[in-house]
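*Asks:* Encoded as structure tokens, here's the structure I'll be asking about.
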Amino acid sequence: MRRYSMCLVLGIAFALTLKALYAQDYGLYFGDRDMERGISYAYPGIQNLSSQPFTWPTIAQQFSDPTYDWGSLDFCYGIALARDGVWWACNILGNRLEKFSATTGQHLGSVSTYFTPTGVAVVPANTSVGYFVDVTTQGSTIERYDPSSNTWSTFATVPYGSTYGLRWRRERLGWFLYVTARGAGLYKIDAGGSIVWGPVAHPSGAGTYYEVDFAPNGDVLVACTNGLYSGTGYIWRVDANGNSLGDFAVISGGSSPPYSSGTPMGLAVAPPDSSGNVYVYTTEYGNGTLLAYLYDPNTGNAGNNGNPVSAVKVTTYSRPKVGLGLEIGPKWTPGRTCPADVNGDGIVDDADLLIVLFNFGTQCR
């Protein structure tokens, strides 16, 4: 009887796990250069892009702190969410990192840099390295910030190109940082700061490389382009050994609204939605367009014949640019007052319980 009860419990837990995996709801967060010059929250969660047109949220200002005087020389590009509930944003003209609360959207303070910060990645909490914030510089280095001591150090140096986008990933042999460098290509760096390989360049000669993320099948995806305000852009596929696998999608300028510019910069791969679909998002620097592609698990490329399933303008035409950073984060509700609602969907249920169970024992800072 006891064995039957245990099997029943495990069966229920497995069913709840599947429910949680295929009912993930999420938000899109932008490093926003022109509009709010902070972090803008774009969606309360996406289930069906084709039937849910974009509307600019009224809560966007929460992540730019309208009471804070940003001045005329403050642009935010790269962003990253830490396990302690802090959004880090690169203020490239202010030469500092900005900190925002993931719960309230309030501005928590600034950290001065001695370089121009562009991309940011937080060292994953389940590594043995500790809580550090790694930042690209538009120079040859990746700088590391230690929040506990408020100190900076150089984590890694690349021989060619200007570092720009970066993201950590756990692989069989440990944790690795994938870094793009404008004018050079993609690097892979180990947890000690040594280059594993790179730079590898796009075979068609896309000279400008921006953000990087990972597809469900393990491919590394890179947003790159041969232009700045217009051109041909690519979401490029690379394997873990640095071999080119072709393009996930090719993005050229369009002649109809919202007028694709072919300049992908931000890049984010979402978790599966309620139907198991995975969307790959990119933002275009030239005109502030958000493109959404449906990932095809059979080919590793974009479905819908390589065309976006949604293309929407996310900035005004007078202030058209969103920055480097495009990140997936928790569904966010301003003024949330229910701490037990871990995933922020307005309900305390088994999905919240599973998040807690799967992260049980994790050290929080």
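The way I read the labels, and the way they are meant: chains A, B, ... in the order of the structure tokens, residue 1 as the first residue of every chain, and ligand 1 as the first ligand shown, with later ones counted on from there.
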Which residues come within 6 Å of Asp247 in chain A, counting only C-alpha atoms, excluding same-chain residues fewer than 4 positions away, as a ChimeraX atom specification?
*Replies:* /A:235-237
*Asks:* Dump C-alpha atoms for the selected residues as a compact mmCIF listing (two decimals), in the first residue's frame?
*Replies:*
# COMPACT_ATOMS: atom_id res chain seq x y z
CA ILE A 235 20.36 34.80 -36.57
CA TRP A 236 23.33 32.53 -37.00
CA ARG A 237 23.65 28.95 -35.72
*Asks:* What lies within 7 Å of Arg37 in chain A using only C-alpha atoms, ignoring chain neighbours under 4 positions off, as a PyMOL selection string?
*Replies:* chain A and resi 32-33+64+74-76
*Asks:* Just list as a list in words whatever in range 199-242 of chain A DSSP marks as strand (DSSP E).
*Replies:*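 Selecting the strand (DSSP E) positions of range 199-242 of chain A gives Pro199, Val200, Thr208, Tyr209, Tyr210, Glu211, Val212, Asp213, Phe214, Val220, Leu221, Val222, Ala223, Cys224, Thr225, Thr232, Gly233, Tyr234, Ile235, Trp236, Arg237 and Val238 of chain A.
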*Asks:* I need the residue nearest Leu326 in chain A from this list: A:Gly31, A:Gly185, A:Gly38, A:Gly161. Use only C-alpha atoms for the distance.
*Replies:*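 Answer, going by the shortest atom-to-atom distance: A:Gly31.
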*Asks:* Need to verify the contact set: Gly78 in chain A, 8 Å, only C-alpha atoms, exclusion of same-chain residues closer than 5 positions in sequence. Can you return it as a ChimeraX atom specification?
*Replies:* /A:31,89-90,118-120,165,323-326
*Asks:* Taking N, CA and C atoms for each residue, export the selection above as a short mmCIF file (atom, residue, chain, number, x, y, z; two decimals), in the first residue's frame.
*Replies:*
data_model
loop_
_atom_site.label_atom_id
_atom_site.label_comp_id
_atom_site.auth_asym_id
_atom_site.auth_seq_id
_atom_site.Cartn_x
_atom_site.Cartn_y
_atom_site.Cartn_z
N GLY A 31 16.49 46.28 -22.87
CA GLY A 31 17.39 47.37 -22.55
C GLY A 31 17.02 48.51 -23.47
N ALA A 89 21.48 46.64 -15.61
CA ALA A 89 21.39 47.26 -16.93
C ALA A 89 22.65 48.07 -17.20
N CYS A 90 23.16 47.99 -18.44
CA CYS A 90 24.36 48.73 -18.85
C CYS A 90 23.96 50.11 -19.35
N THR A 118 28.40 47.51 -22.21
CA THR A 118 27.40 47.23 -23.24
C THR A 118 26.56 46.00 -22.94
N GLY A 119 27.20 44.86 -22.73
CA GLY A 119 26.47 43.63 -22.41
C GLY A 119 26.77 43.19 -21.00
N VAL A 120 25.82 42.48 -20.38
CA VAL A 120 26.00 42.06 -19.00
C VAL A 120 25.45 40.66 -18.83
N GLY A 165 28.13 41.23 -26.72
CA GLY A 165 27.10 40.43 -26.06
C GLY A 165 27.71 39.21 -25.38
N GLY A 323 17.93 48.92 -27.24
CA GLY A 323 19.35 48.62 -27.21
C GLY A 323 19.68 47.17 -27.42
N LEU A 324 20.86 46.81 -26.97
CA LEU A 324 21.35 45.45 -27.14
C LEU A 324 20.47 44.44 -26.42
N GLY A 325 20.06 44.75 -25.21
CA GLY A 325 19.49 43.74 -24.34
C GLY A 325 18.05 43.37 -24.64
N LEU A 326 17.80 42.09 -24.78
CA LEU A 326 16.45 41.55 -24.84
C LEU A 326 16.48 40.28 -24.01
#
*Asks:* Can you pull out every residue within 8 Å of Tyr229 in chain A, counting only C-alpha atoms, but drop anything in the same chain fewer than 3 positions away, and send it as a list in words?
*Replies:*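 Listing them by chain and then by number gives Ser261, Thr263, Tyr285, Gly286 and Asn287 of chain A.
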*Asks:* Would you list the contacts of Ala268 in chain A as a ChimeraX atom specification, taking every protein, DNA or RNA residue within 9 Å and counting only C-alpha atoms, but skipping same-chain residues closer than 6 positions in sequence?
*Replies:* /A:28,211-214,279-282,325-328
*Asks:* Since we have the selection now, will you write its residues out, keeping N, CA and C atoms, as a PDB file, in the first residue's frame?
*Replies:*
ATOM      1  N   LEU A  28       8.834  39.863 -21.570  1.00  0.00           N
ATOM      2  CA  LEU A  28       9.982  40.309 -22.357  1.00  0.00           C
ATOM      3  C   LEU A  28      10.469  41.631 -21.788  1.00  0.00           C
ATOM      4  N   GLU A 211      23.922  40.142 -29.724  1.00  0.00           N
ATOM      5  CA  GLU A 211      23.584  39.288 -28.587  1.00  0.00           C
ATOM      6  C   GLU A 211      23.582  37.812 -28.963  1.00  0.00           C
ATOM      7  N   VAL A 212      23.707  36.959 -27.932  1.00  0.00           N
ATOM      8  CA  VAL A 212      23.821  35.517 -28.106  1.00  0.00           C
ATOM      9  C   VAL A 212      22.861  34.815 -27.153  1.00  0.00           C
ATOM     10  N   ASP A 213      22.287  33.685 -27.587  1.00  0.00           N
ATOM     11  CA  ASP A 213      21.437  32.864 -26.735  1.00  0.00           C
ATOM     12  C   ASP A 213      21.500  31.428 -27.249  1.00  0.00           C
ATOM     13  N   PHE A 214      20.748  30.521 -26.625  1.00  0.00           N
ATOM     14  CA  PHE A 214      20.877  29.096 -26.919  1.00  0.00           C
ATOM     15  C   PHE A 214      19.539  28.489 -27.297  1.00  0.00           C
ATOM     16  N   TYR A 279       9.507  30.307 -28.953  1.00  0.00           N
ATOM     17  CA  TYR A 279       9.694  31.484 -29.793  1.00  0.00           C
ATOM     18  C   TYR A 279      11.087  32.054 -29.586  1.00  0.00           C
ATOM     19  N   VAL A 280      11.673  32.520 -30.676  1.00  0.00           N
ATOM     20  CA  VAL A 280      12.965  33.193 -30.654  1.00  0.00           C
ATOM     21  C   VAL A 280      12.720  34.645 -31.036  1.00  0.00           C
ATOM     22  N   TYR A 281      13.097  35.552 -30.155  1.00  0.00           N
ATOM     23  CA  TYR A 281      12.838  36.979 -30.356  1.00  0.00           C
ATOM     24  C   TYR A 281      14.123  37.721 -30.690  1.00  0.00           C
ATOM     25  N   THR A 282      14.001  38.708 -31.561  1.00  0.00           N
ATOM     26  CA  THR A 282      15.118  39.607 -31.809  1.00  0.00           C
ATOM     27  C   THR A 282      14.581  41.019 -31.982  1.00  0.00           C
ATOM     28  N   GLY A 325      20.057  44.753 -25.212  1.00  0.00           N
ATOM     29  CA  GLY A 325      19.488  43.739 -24.335  1.00  0.00           C
ATOM     30  C   GLY A 325      18.054  43.369 -24.641  1.00  0.00           C
ATOM     31  N   LEU A 326      17.798  42.090 -24.781  1.00  0.00           N
ATOM     32  CA  LEU A 326      16.446  41.546 -24.840  1.00  0.00           C
ATOM     33  C   LEU A 326      16.476  40.277 -24.011  1.00  0.00           C
ATOM     34  N   GLU A 327      15.688  40.234 -22.951  1.00  0.00           N
ATOM     35  CA  GLU A 327      15.760  39.115 -22.024  1.00  0.00           C
ATOM     36  C   GLU A 327      14.379  38.569 -21.702  1.00  0.00           C
ATOM     37  N   ILE A 328      14.352  37.279 -21.409  1.00  0.00           N
ATOM     38  CA  ILE A 328      13.160  36.640 -20.890  1.00  0.00           C
ATOM     39  C   ILE A 328      13.197  36.747 -19.368  1.00  0.00           C
TER      40      ILE A 328
END
*Asks:* When you count only C-alpha atoms, which of these residues is closest to Ser40 in chain A: A:Ile79, A:Arg182, A:Ser230, A:Tyr26?
*Replies:*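 Using only C-alpha atoms, Ser40 in chain A sits closest to A:Ile79.
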*Asks:* From the list A:Asp25, A:Glu284, A:Glu171, A:Glu98, which residue is nearest Gly253 in chain A when using only C-alpha atoms?
*Replies:* A:Glu284
*Asks:* Rounded to one decimal place, report the CA of Gly266 in chain A-CA of Leu173 in chain A distance in Å.
*Replies:*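 Interatomic distance here is 27.8 Å.
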*Asks:* Where in range 117-364 of chain A does DSSP assign alpha helix (DSSP H), given as a tab-separated table (two decimals) with C-alpha atoms, in the first residue's frame?
*Replies:*
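Wrote result.tsv, looks like this:
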chain	number	residue	atom	x	y	z
A	350	ASP	CA	1.26	23.95	-7.96
A	351	ALA	CA	3.42	25.85	-10.45
A	352	ASP	CA	4.71	28.07	-7.63
A	353	LEU	CA	5.32	25.01	-5.45
A	354	LEU	CA	7.35	23.29	-8.17
A	355	ILE	CA	9.55	26.35	-8.65
A	356	VAL	CA	10.33	26.32	-4.94
A	357	LEU	CA	10.98	22.54	-4.91
A	358	PHE	CA	13.25	22.62	-7.95
*Asks:* Let me make sure I understand: among A:Ala215, A:Met265, A:Leu228, A:Leu108, which one has the smallest atom-to-atom distance to Phe248 in chain A if we use only C-alpha atoms?
*Replies:*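 That would be A:Ala215, the residue with the smallest distance to Phe248 in chain A.
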*Asks:* Fewer than 5 positions away in the same chain doesn't count, so skip those; otherwise give me all residues within 10 Å of Ser244 in chain A, counting only C-alpha atoms, as a list in words.
*Replies:*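 Contacts, with the query itself left out: Val200, Ala201, His202, Pro203, Asp219, Val220, Trp236, Arg237, Val238 and Asp239 of chain A.
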*Asks:* Atoms to include: C-alpha atoms. Write the selected residues as a short mmCIF file (atom, residue, chain, number, x, y, z; two decimals), in the first residue's frame.
*Replies:*
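The resulting again.cif:
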data_model
loop_
_atom_site.label_atom_id
_atom_site.label_comp_id
_atom_site.auth_asym_id
_atom_site.auth_seq_id
_atom_site.Cartn_x
_atom_site.Cartn_y
_atom_site.Cartn_z
CA VAL A 200 34.61 32.31 -35.44
CA ALA A 201 32.96 34.50 -38.05
CA HIS A 202 29.72 34.31 -40.01
CA PRO A 203 30.41 32.69 -43.41
CA ASP A 219 22.78 25.34 -30.89
CA VAL A 220 24.31 28.71 -30.10
CA TRP A 236 23.33 32.53 -37.00
CA ARG A 237 23.65 28.95 -35.72
CA VAL A 238 26.93 27.66 -34.26
CA ASP A 239 27.61 24.42 -32.39
#
*Asks:* Give me, as a list in words, all polymer residues having an atom no more than 10 Å from Gly205 in chain A, counting only C-alpha atoms and skipping those fewer than 5 positions away in the same chain.
*Replies:*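 That gives Gly183, Ala184, Gly185, Cys224, Thr225 and Asn226 of chain A.
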*Asks:* Go ahead and write the selection's residues with N, CA and C atoms as a PDB file, in the first residue's frame.
*Replies:*
ATOM      1  N   GLY A 183      33.265  43.095 -35.227  1.00  0.00           N
ATOM      2  CA  GLY A 183      34.404  43.083 -36.121  1.00  0.00           C
ATOM      3  C   GLY A 183      35.193  41.788 -36.100  1.00  0.00           C
ATOM      4  N   ALA A 184      34.791  40.827 -35.234  1.00  0.00           N
ATOM      5  CA  ALA A 184      35.554  39.580 -35.147  1.00  0.00           C
ATOM      6  C   ALA A 184      34.652  38.359 -35.224  1.00  0.00           C
ATOM      7  N   GLY A 185      33.672  38.223 -34.318  1.00  0.00           N
ATOM      8  CA  GLY A 185      32.809  37.054 -34.331  1.00  0.00           C
ATOM      9  C   GLY A 185      32.480  36.582 -32.939  1.00  0.00           C
ATOM     10  N   CYS A 224      23.513  38.947 -35.743  1.00  0.00           N
ATOM     11  CA  CYS A 224      24.582  39.674 -36.405  1.00  0.00           C
ATOM     12  C   CYS A 224      24.046  40.331 -37.675  1.00  0.00           C
ATOM     13  N   THR A 225      24.770  41.313 -38.168  1.00  0.00           N
ATOM     14  CA  THR A 225      24.300  42.079 -39.320  1.00  0.00           C
ATOM     15  C   THR A 225      25.477  42.676 -40.071  1.00  0.00           C
ATOM     16  N   ASN A 226      25.245  43.044 -41.339  1.00  0.00           N
ATOM     17  CA  ASN A 226      26.276  43.735 -42.111  1.00  0.00           C
ATOM     18  C   ASN A 226      25.995  45.230 -42.199  1.00  0.00           C
TER      19      ASN A 226
END
*Asks:* Can you work out the spacing between CA of Phe30 in chain A and CA of Thr283 in chain A in Å, to one decimal?
*Replies:* 8.9 Å
